[in-house]
$ cat protein09.txt   # compact mmCIF, C-alpha atoms
# COMPACT_ATOMS: atom_id res chain seq x y z
CA MET A 36 103.32 119.07 91.88
CA GLN A 37 104.82 117.43 94.92
CA ARG A 38 104.69 113.64 94.73
CA LEU A 39 103.15 111.73 97.60
CA PRO A 40 105.53 109.37 99.38
CA HIS A 41 104.72 105.82 98.30
CA TRP A 42 103.89 104.67 101.82
CA LEU A 43 101.29 107.38 102.49
CA GLY A 44 98.65 105.60 100.46
CA ASP A 45 99.14 102.74 102.80
CA ILE A 46 98.12 104.59 105.94
CA LYS A 47 95.27 106.44 104.24
CA LEU A 48 91.88 104.86 104.69
CA PRO A 49 89.59 104.48 101.66
CA ALA A 50 87.33 107.31 102.86
CA ASN A 51 90.23 109.80 102.89
CA GLU A 52 90.89 109.52 106.60
CA ILE A 53 93.86 108.55 108.68
CA SER A 54 93.51 106.28 111.65
CA LEU A 55 94.93 107.62 114.93
CA TRP A 56 94.77 106.55 118.57
CA GLU A 57 94.64 109.02 121.44
CA CYS A 58 96.83 108.77 124.52
CA GLU A 59 98.50 110.81 127.21
CA ASN A 60 102.19 111.49 126.71
CA THR A 61 103.33 108.90 129.26
CA PRO A 62 105.04 105.55 128.63
CA SER A 63 102.20 103.57 130.26
CA ASP A 64 99.53 105.28 128.19
CA ILE A 65 101.54 104.91 124.98
CA ASP A 66 101.62 101.19 125.85
CA GLU A 67 97.81 101.28 125.80
CA VAL A 68 97.91 102.47 122.20
CA VAL A 69 100.40 99.74 121.35
CA LEU A 70 97.96 97.25 122.88
CA ALA A 71 95.07 98.68 120.86
CA LEU A 72 97.09 98.42 117.64
CA MET A 73 98.44 94.93 118.23
CA ALA A 74 95.29 93.36 119.67
CA ASN A 75 93.85 92.86 116.25
CA LYS A 76 93.10 89.60 114.49
CA GLU A 77 94.70 90.99 111.31
CA VAL A 78 98.07 91.22 113.05
CA ALA A 79 99.87 88.16 111.70
CA SER A 80 103.11 88.29 113.67
CA VAL A 81 104.86 90.52 116.18
CA ASP A 82 107.53 92.82 114.77
CA SER A 83 109.03 95.83 116.50
CA ILE A 84 106.80 98.74 115.52
CA ASP A 85 107.37 102.44 114.94
CA LEU A 86 104.96 105.03 116.29
CA LEU A 87 104.61 108.61 115.16
CA ILE A 88 103.30 110.71 118.02
CA PHE A 89 101.56 114.03 117.39
CA SER A 90 100.31 116.59 119.85
CA LYS A 91 96.55 116.83 119.34
CA GLN A 92 96.79 120.61 119.57
CA GLU A 93 99.49 120.62 116.88
CA LEU A 94 97.07 118.90 114.50
CA ILE A 95 94.15 121.15 115.45
CA ASP A 96 96.31 124.25 114.97
CA ALA A 97 97.31 122.99 111.54
CA GLY A 98 93.59 122.89 110.63
CA PHE A 99 92.91 119.16 110.81
CA THR A 100 89.59 117.86 112.08
CA PHE A 101 88.70 114.50 113.65
CA ASP A 102 85.85 112.06 113.77
CA VAL A 103 85.47 109.76 116.76
CA THR A 104 84.95 106.27 115.36
CA PRO A 105 85.27 102.92 117.17
CA GLY A 106 88.73 101.46 116.63
CA GLU A 107 89.35 97.95 115.36
CA THR A 108 90.86 96.34 118.41
CA LEU A 109 90.06 93.29 120.50
CA VAL A 110 90.39 95.33 123.71
CA GLU A 111 86.91 96.72 124.29
CA ASP A 112 87.85 99.54 126.65
CA LEU A 113 90.28 101.01 124.11
CA ARG A 114 87.92 101.29 121.16
CA THR A 115 86.78 104.79 122.08
CA ARG A 116 90.34 106.09 121.89
CA HIS A 117 90.27 105.81 118.13
CA LYS A 118 89.99 108.91 115.93
CA ASP A 119 89.86 109.39 112.20
CA LEU A 120 91.81 112.39 111.01
CA ILE A 121 89.83 113.83 108.11
CA LEU A 122 91.75 114.58 104.95
CA GLY A 123 89.38 116.77 102.98
CA GLY A 124 91.40 116.95 99.80
CA GLU A 125 94.84 116.49 98.30
CA ALA A 126 96.14 119.72 99.82
CA VAL A 127 95.38 118.42 103.32
CA LEU A 128 96.99 115.12 102.46
CA TYR A 129 100.19 116.91 101.41
CA LEU A 130 100.09 118.95 104.60
CA PHE A 131 99.86 115.77 106.64
CA ALA A 132 102.61 114.14 104.57
CA ASP A 133 104.86 117.14 105.32
CA LEU A 134 104.11 116.84 109.01
CA VAL A 135 104.93 113.13 108.97
CA LEU A 136 108.14 113.64 107.02
CA SER A 137 109.30 116.40 109.36
CA LYS A 138 108.81 114.04 112.31
CA ILE A 139 110.69 111.25 110.55
CA ASN A 140 113.51 113.60 109.54
CA SER A 141 113.86 114.89 113.08
CA VAL A 142 113.78 111.30 114.38
CA GLU A 143 110.59 111.87 116.38
CA VAL A 144 109.63 108.24 115.90
CA GLN A 145 109.20 105.93 118.83
CA ARG A 146 110.23 102.33 118.32
CA VAL A 147 108.55 99.73 120.45
CA SER A 148 110.52 96.50 120.60
CA ARG A 149 109.08 93.10 119.84
CA SER A 150 109.68 91.78 123.33
CA HIS A 151 107.99 94.81 124.89
CA ILE A 152 104.94 94.30 122.64
CA ILE A 153 104.78 90.62 123.64
CA GLU A 154 104.92 91.69 127.29
CA ILE A 155 102.11 94.23 126.78
CA LEU A 156 99.94 91.56 125.11
CA ARG A 157 100.73 89.04 127.86
CA ARG A 158 99.69 91.48 130.59
CA ALA A 159 96.44 92.23 128.76
CA VAL A 160 95.65 88.51 128.50
CA GLU A 161 96.48 87.95 132.19
CA SER A 162 94.25 90.84 133.25
CA ARG A 163 91.48 89.48 130.98
CA ARG A 164 91.25 92.60 128.89
CA LEU A 165 92.22 90.57 125.85
CA GLU A 166 90.95 87.17 124.73
CA LYS A 167 93.97 85.22 123.51
CA ASN A 168 91.88 83.14 121.10
CA GLY A 169 90.98 86.24 119.12
CA LEU A 170 94.60 86.72 118.03
CA ALA A 171 96.27 85.12 115.02
CA ASN A 172 97.82 81.70 115.71
CA ASN A 173 101.38 82.97 115.29
CA VAL A 174 100.77 85.67 117.87
CA GLN A 175 99.04 83.29 120.30
CA LYS A 176 102.13 81.06 120.24
CA LEU A 177 104.25 83.92 121.59
CA LEU A 178 102.08 84.52 124.66
CA MET B 259 102.21 83.00 91.84
CA THR B 260 102.48 80.31 94.46
CA THR B 261 100.60 78.05 92.07
CA LEU B 262 103.16 78.74 89.37
CA LEU B 263 105.92 77.53 91.64
CA ALA B 264 104.10 74.25 91.95
CA ILE B 265 103.94 73.64 88.18
CA PRO B 266 105.66 70.38 87.25
CA PRO B 267 108.82 70.65 85.13
CA GLN B 268 107.23 69.56 81.86
CA ASN B 269 104.74 72.46 82.00
CA MET B 270 107.30 74.91 83.32
CA ALA B 271 109.31 74.67 80.11
CA ASN B 272 106.51 76.37 78.19
CA GLU B 273 106.01 78.97 80.92
CA ILE B 274 109.61 80.16 80.94
CA LEU B 275 110.29 80.04 77.21
CA PRO B 276 109.09 83.59 76.41
CA PHE B 277 111.18 85.07 79.23
CA THR B 278 114.61 83.56 78.78
CA ASP B 279 117.36 83.19 76.23
CA HIS B 280 117.70 79.57 77.20
CA GLN B 281 116.51 77.07 74.70
CA VAL B 282 114.30 74.77 76.66
CA THR B 283 113.67 72.60 73.61
CA ALA B 284 117.34 72.40 72.75
CA PRO B 285 118.90 70.56 69.85
CA HIS B 286 120.26 67.12 70.64
CA SER B 287 123.86 68.37 70.55
CA TYR B 288 123.19 70.86 73.35
CA TYR B 289 122.20 68.17 75.79
CA GLY B 290 124.54 65.59 74.29
CA GLN B 291 127.83 67.35 75.14
CA GLN B 292 130.45 65.07 76.57
CA GLY B 293 130.54 65.01 80.34
CA VAL B 294 127.26 66.89 80.80
CA SER B 295 124.18 64.81 81.28
CA ASN B 296 120.93 65.76 79.65
CA SER B 297 119.14 65.72 82.96
CA SER B 298 121.56 68.15 84.65
CA ARG B 299 121.12 70.63 81.76
CA VAL B 300 117.37 70.38 81.96
CA LEU B 301 117.46 70.85 85.72
CA LYS B 302 119.71 73.89 85.35
CA ASP B 303 117.34 75.47 82.83
CA TYR B 304 114.39 74.59 85.00
CA ALA B 305 115.94 76.20 88.05
CA PHE B 306 116.86 79.30 86.05
CA GLY B 307 113.30 79.63 84.83
CA ILE B 308 111.81 79.31 88.27
CA GLU B 309 114.30 81.81 89.68
CA TYR B 310 113.13 84.28 87.05
CA ILE B 311 109.50 83.78 87.96
CA PHE B 312 110.24 83.80 91.69
CA SER B 313 112.22 87.06 91.49
CA ALA B 314 109.58 88.73 89.32
CA ALA B 315 106.85 87.75 91.77
CA VAL B 316 108.71 88.92 94.87
CA ARG B 317 109.77 92.17 93.18
CA THR B 318 106.24 92.90 92.04
CA TYR B 319 104.71 92.26 95.45
CA LEU B 320 107.31 94.45 97.16
CA GLU B 321 106.78 97.23 94.64
CA ILE B 322 103.01 97.17 95.10
CA ASP B 323 102.83 96.85 98.89
CA PRO B 324 105.20 98.37 101.43
CA VAL B 325 105.96 95.99 104.31
CA GLU B 326 103.87 96.99 107.33
CA ASP B 327 104.98 96.23 110.86
CA SER B 328 103.36 92.97 112.02
CA TYR B 329 101.00 92.63 109.05
CA ALA B 330 101.41 89.75 106.62
CA HIS B 331 102.90 90.65 103.24
CA PRO B 332 102.06 88.73 100.04
CA ALA B 333 105.76 88.18 99.26
CA GLU B 334 106.08 86.12 102.46
CA LYS B 335 104.02 83.28 101.05
CA VAL B 336 106.00 83.13 97.80
CA ILE B 337 109.31 83.08 99.66
CA ARG B 338 108.14 80.50 102.20
CA GLU B 339 106.77 78.18 99.50
CA ALA B 340 109.97 78.52 97.46
CA LEU B 341 112.16 77.74 100.49
CA LYS B 342 110.11 74.62 101.18
CA ALA B 343 109.85 73.37 97.59
CA TYR B 344 113.32 74.37 96.34
CA ASN B 345 115.39 74.43 99.49
CA LEU B 346 118.67 73.99 97.60
CA TYR B 347 118.05 76.81 95.14
CA ALA B 348 115.78 79.35 96.81
CA PRO B 349 118.39 80.79 99.23
CA GLY B 350 120.55 81.62 96.20
CA TRP B 351 117.62 83.25 94.42
CA ILE B 352 116.92 85.44 97.46
CA ILE B 353 120.56 86.47 97.78
CA ASN B 354 120.72 87.20 94.03
CA LEU B 355 117.60 89.34 94.29
CA TYR B 356 119.04 91.25 97.25
CA ASP B 357 122.32 91.81 95.38
CA ALA B 358 120.48 92.99 92.28
CA GLU B 359 118.41 95.56 94.19
CA GLN B 360 120.54 96.77 97.08
CA ALA B 361 122.44 99.45 95.18
CA LYS B 362 119.70 100.91 92.99
CA ARG B 363 116.64 100.37 95.20
CA PRO B 364 117.77 100.06 98.83
CA TRP B 365 114.16 100.41 100.04
CA LEU B 366 113.27 97.24 98.14
CA ALA B 367 116.31 95.41 99.53
CA ALA B 368 115.24 96.53 103.02
CA ASP B 369 111.69 95.26 102.52
CA LEU B 370 113.07 91.99 101.14
CA LEU B 371 115.17 91.58 104.31
CA ARG B 372 112.15 92.33 106.46
CA VAL B 373 110.07 89.69 104.71
CA VAL B 374 112.88 87.12 104.84
CA GLY B 375 113.21 87.97 108.53
CA ARG B 376 109.70 86.61 109.04
CA MET B 377 110.65 83.15 107.80
CA GLU B 378 110.90 80.47 110.46
CA ALA B 379 114.46 79.95 111.70
CA SER B 380 114.34 76.35 110.37
CA LEU B 381 114.04 77.72 106.80
CA ILE B 382 116.89 80.19 107.23
CA THR B 383 119.86 78.14 108.48
CA GLY B 384 123.25 79.69 107.63
CA TRP B 385 122.41 81.66 104.49
CA GLY B 386 119.99 83.97 106.29
CA PHE B 387 122.70 85.12 108.65
CA ILE B 388 125.02 85.78 105.71
CA LEU B 389 122.30 87.90 104.10
CA ALA B 390 121.71 89.76 107.36
CA GLN B 391 125.44 90.49 107.67
CA ARG B 392 125.41 91.97 104.17
CA GLY B 393 122.46 94.10 105.22
CA LEU B 394 124.25 95.32 108.33
CA SER B 395 127.14 96.62 106.23
CA HIS B 396 124.89 98.52 103.81
CA GLN B 397 125.25 102.30 103.63
CA ASP B 398 121.48 102.87 103.90
CA GLU B 399 120.34 102.94 107.54
CA PHE B 400 116.95 101.41 106.70
CA VAL B 401 118.62 98.37 105.13
CA ARG B 402 120.71 97.99 108.29
CA ASP B 403 117.55 98.41 110.36
CA ALA B 404 115.84 95.65 108.35
CA ALA B 405 118.81 93.36 109.00
CA VAL B 406 118.63 94.05 112.74
CA ARG B 407 114.90 93.32 112.67
CA ALA B 408 115.52 90.01 110.86
CA LEU B 409 118.10 88.96 113.44
CA GLU B 410 115.71 89.98 116.23
CA LEU B 411 113.03 87.70 114.80
CA TRP B 412 115.32 84.70 114.23
CA GLY B 413 117.00 85.09 117.59
CA GLY B 414 119.53 82.59 118.96
CA LYS B 415 123.23 82.71 119.62
CA ALA B 416 124.31 83.36 116.02
CA ALA B 417 122.00 86.38 115.75
CA LYS B 418 123.26 87.77 119.04
CA ASN B 419 126.91 87.30 118.06
CA ILE B 420 126.40 89.06 114.73
CA LEU B 421 124.66 91.99 116.40
CA GLN B 422 127.35 92.27 119.06
CA ALA B 423 130.04 92.42 116.39
CA TYR B 424 128.13 95.10 114.46
CA VAL B 425 126.72 97.45 117.09
CA ALA B 426 129.93 99.32 117.95
CA SER B 427 130.34 100.36 114.32
CA GLU B 428 126.81 101.77 113.99
CA GLN B 429 126.95 105.56 113.69
CA VAL B 430 123.21 106.25 113.62
CA GLU B 431 122.15 106.76 117.21
CA TRP B 432 118.57 105.43 117.08
CA LEU B 433 119.70 102.32 115.23
CA ALA B 434 122.59 101.65 117.61
CA ASP B 435 120.13 102.02 120.53
CA TYR B 436 117.71 99.62 118.91
CA ALA B 437 120.41 97.05 118.14
CA SER B 438 121.70 97.28 121.74
CA GLN B 439 118.18 96.73 123.02
CA VAL B 440 117.73 93.68 120.78
CA ILE B 441 121.04 92.26 122.03
CA SER B 442 119.93 92.68 125.63
CA GLU B 443 116.56 91.08 124.94
CA LEU B 444 117.75 88.11 122.91
CA ALA B 445 117.71 85.14 125.23
CA VAL B 446 120.52 82.69 124.51
$ encode --input "protein09.txt" --output "structure tokens"
Amino acid sequence: MQRLPHWLGDIKLPANEISLWECENTPSDIDEVVLALMANKEVASVDSIDLLIFSKQELIDAGFTFDVTPGETLVEDLRTRHKDLILGGEAVLYLFADLVLSKINSVEVQRVSRSHIIEILRRAVESRRLEKNGLANNVQKLL
Amino acid sequence: MTTLLAIPPQNMANEILPFTDHQVTAPHSYYGQQGVSNSSRVLKDYAFGIEYIFSAAVRTYLEIDPVEDSYAHPAEKVIREALKAYNLYAPGWIINLYDAEQAKRPWLAADLLRVVGRMEASLITGWGFILAQRGLSHQDEFVRDAAVRALELWGGKAAKNILQAYVASEQVEWLADYASQVISELAV
């Protein structure tokens, strides 16, 4: 049997789902997803982050289904962008792992630099979409 | 494990005894050798014992939990506490751990570099940059990536100089692009 990559357990939620955020394929809308991900009190520091971007249709065609669930983010207007990808059983998990690995192997990973993330957070605070006090102390210091 | 690091020396002797070949309760002649003070021997054994415990703790945490972008990792606390409490020894322990793992488990060496990269620049001083330079010359691209990330977090002139010297030799396109971007963004 194929062995799951060790990091996959880390992105899998306890209820056998994977957390995804929906966006248009434009730099400004991808920034919105970055904001949703980073505006979280659990985020302890700001590192450069890597994003894997899937076409929604690609996932639907592969047989995956989604649940719309409110995302854990401090930016209210982004919560509805959150989706849980449902992993019914191990076979679906392997299928998803294959999809992820093929994207990594073909370098379809988007890196967002630390300074760009700080800029995105700063703009959100300035436009009052994000309450600075809700962020971890180390993150607040950067803004 | 952080608590263990805070154990006073007299208790530590019993903690390390099962794990080492060193005789903590040594015969008088061992400590009484000419030119070697008893206290320096005891300190050496003590440091060796703590290094063992430190390395085991950091290894275990890195094996259990992959390092996630921007999320705290349990190994961070152990490393930070060690650097504060044993500032003369801990940099050597970290470098030893990196050297021990980099060939057989490059992913663990990469995660170690990422966690060390999150230490405040005041705890890193010169040794961190030496470790990052070793990372940049590693054959595994993810170890090199971790070294670039560490330098990005520490920032400053030294980090920028190291990255500038390295970037032209980087053959992996995405990593060279990332390093170039970090160089341009590092304010000096």
$ closest_atom_pairs --input "protein09.txt" --of "chain A" --to "chain B" --cutoff "8 Å" --atoms "all atoms listed in the file" --output "tab-separated table"
residue	atom	partner	partner_atom	distance
A:Trp42	CA	B:Pro324	CA	6.4
A:Asp45	CA	B:Pro324	CA	7.6
A:Glu77	CA	B:Tyr329	CA	6.9
A:Val78	CA	B:Tyr329	CA	5.2
A:Ala79	CA	B:Tyr329	CA	5.3
A:Ser80	CA	B:Ser328	CA	5.0
A:Val81	CA	B:Ser328	CA	5.1
A:Asp82	CA	B:Ser328	CA	5.0
A:Ser83	CA	B:Asp327	CA	7.0
A:Ile84	CA	B:Asp327	CA	5.6
A:Asp85	CA	B:Asp327	CA	7.8
A:Arg146	CA	B:Tyr436	CA	8.0
A:Ser148	CA	B:Val440	CA	7.7
A:Ser150	CA	B:Glu443	CA	7.1
$ atom_distance --input "protein09.txt" --atom1 "CA of Leu409 (chain B)" --atom2 "CA of Gly386 (chain B)"
8.9 Å
$ residues_near_point --input "protein09.txt" --point "(109.0, 106.8, 121.3)" --cutoff "8 Å" --atoms "all atoms listed in the file" --output "list in words"
Asp85, Leu86, Leu87, Ile88, Glu143, Val144, Gln145, Arg146 and Val147 of chain A
$ atom_distance --input "protein09.txt" --atom1 "CA of Asp369 (chain B)" --atom2 "CA of Thr318 (chain B)"
12.0 Å
$ atom_distance --input "protein09.txt" --atom1 "CA of Ile139 (chain A)" --atom2 "CA of Val406 (chain B)"
19.1 Å
$ closest_residue --input "protein09.txt" --among "B:Leu370, B:Ile353, B:Ile311, B:Leu394" --to "Glu428 (chain B)" --atoms "all atoms listed in the file"
B:Leu394
$ residues_around --input "protein09.txt" --residues "Phe387 (chain B)" --least-positions-apart "5" --cutoff "9 Å" --atoms "only C-alpha atoms" --output "short mmCIF file (atom, residue, chain, number, x, y, z; two decimals) with C-alpha atoms, in the coordinates of the input"
data_model
loop_
_atom_site.label_atom_id
_atom_site.label_comp_id
_atom_site.auth_asym_id
_atom_site.auth_seq_id
_atom_site.Cartn_x
_atom_site.Cartn_y
_atom_site.Cartn_z
CA ILE B 382 116.89 80.19 107.23
CA ARG B 392 125.41 91.97 104.17
CA ALA B 408 115.52 90.01 110.86
CA LEU B 409 118.10 88.96 113.44
CA ALA B 416 124.31 83.36 116.02
CA ALA B 417 122.00 86.38 115.75
CA ILE B 420 126.40 89.06 114.73
#
$ closest_residue --input "protein09.txt" --among "B:Val425, B:Leu320, B:Leu389, B:Ala314" --to "Asp357 (chain B)" --atoms "only C-alpha atoms"
B:Leu389
$ closest_residue --input "protein09.txt" --among "A:Asp64, A:Glu154, A:Glu107, A:Glu93" --to "Lys76 (chain A)" --atoms "all atoms listed in the file"
A:Glu107
$ residues_around --input "protein09.txt" --residues "Asn168 (chain A)" --least-positions-apart "4" --cutoff "12 Å" --atoms "only C-alpha atoms" --output "short mmCIF file (atom, residue, chain, number, x, y, z; two decimals) with C-alpha atoms, in the coordinates of the input"
data_model
loop_
_atom_site.label_atom_id
_atom_site.label_comp_id
_atom_site.auth_asym_id
_atom_site.auth_seq_id
_atom_site.Cartn_x
_atom_site.Cartn_y
_atom_site.Cartn_z
CA ALA A 74 95.29 93.36 119.67
CA ASN A 75 93.85 92.86 116.25
CA LYS A 76 93.10 89.60 114.49
CA LEU A 109 90.06 93.29 120.50
CA VAL A 160 95.65 88.51 128.50
CA ARG A 163 91.48 89.48 130.98
CA ASN A 172 97.82 81.70 115.71
CA ASN A 173 101.38 82.97 115.29
CA VAL A 174 100.77 85.67 117.87
CA GLN A 175 99.04 83.29 120.30
CA LYS A 176 102.13 81.06 120.24
CA LEU A 178 102.08 84.52 124.66
#
$ residues_near_point --input "protein09.txt" --point "(96.9, 121.9, 108.6)" --cutoff "12 Å" --atoms "all atoms listed in the file" --output "list in words"
Lys91, Gln92, Glu93, Leu94, Ile95, Asp96, Ala97, Gly98, Phe99, Thr100, Leu120, Ile121, Leu122, Gly123, Gly124, Glu125, Ala126, Val127, Leu128, Tyr129, Leu130, Phe131, Ala132, Asp133, Leu134 and Val135 of chain A
$ residues_around --input "protein09.txt" --residues "Leu70 (chain A)" --least-positions-apart "6" --cutoff "8 Å" --atoms "all atoms listed in the file" --output "list of chain:residue names"
A:Val110, A:Ile152, A:Ile155, A:Leu156, A:Ala159
$ axis_aligned_box --input "protein09.txt" --around "region 355-374 of chain B" --padding-each-side "4 Å" --output "AutoDock Vina command-line options"
--center_x 116.3 --center_y 94.0 --center_z 99.4 --size_x 20.4 --size_y 21.8 --size_z 22.2
$ residues_around --input "protein09.txt" --residues "region 339-344 of chain B" --least-positions-apart "2" --cutoff "8 Å" --atoms "all atoms listed in the file" --output "ChimeraX atom specification"
/B:260,263,312,335-337,346-349,381
$ residues_around --input "protein09.txt" --residues "Val401 (chain B)" --least-positions-apart "6" --cutoff "7 Å" --atoms "only C-alpha atoms" --output "compact mmCIF listing (two decimals) with C-alpha atoms, in the frame of the given file"
# COMPACT_ATOMS: atom_id res chain seq x y z
CA PRO B 364 117.77 100.06 98.83
CA ALA B 367 116.31 95.41 99.53
CA ALA B 368 115.24 96.53 103.02
CA GLY B 393 122.46 94.10 105.22
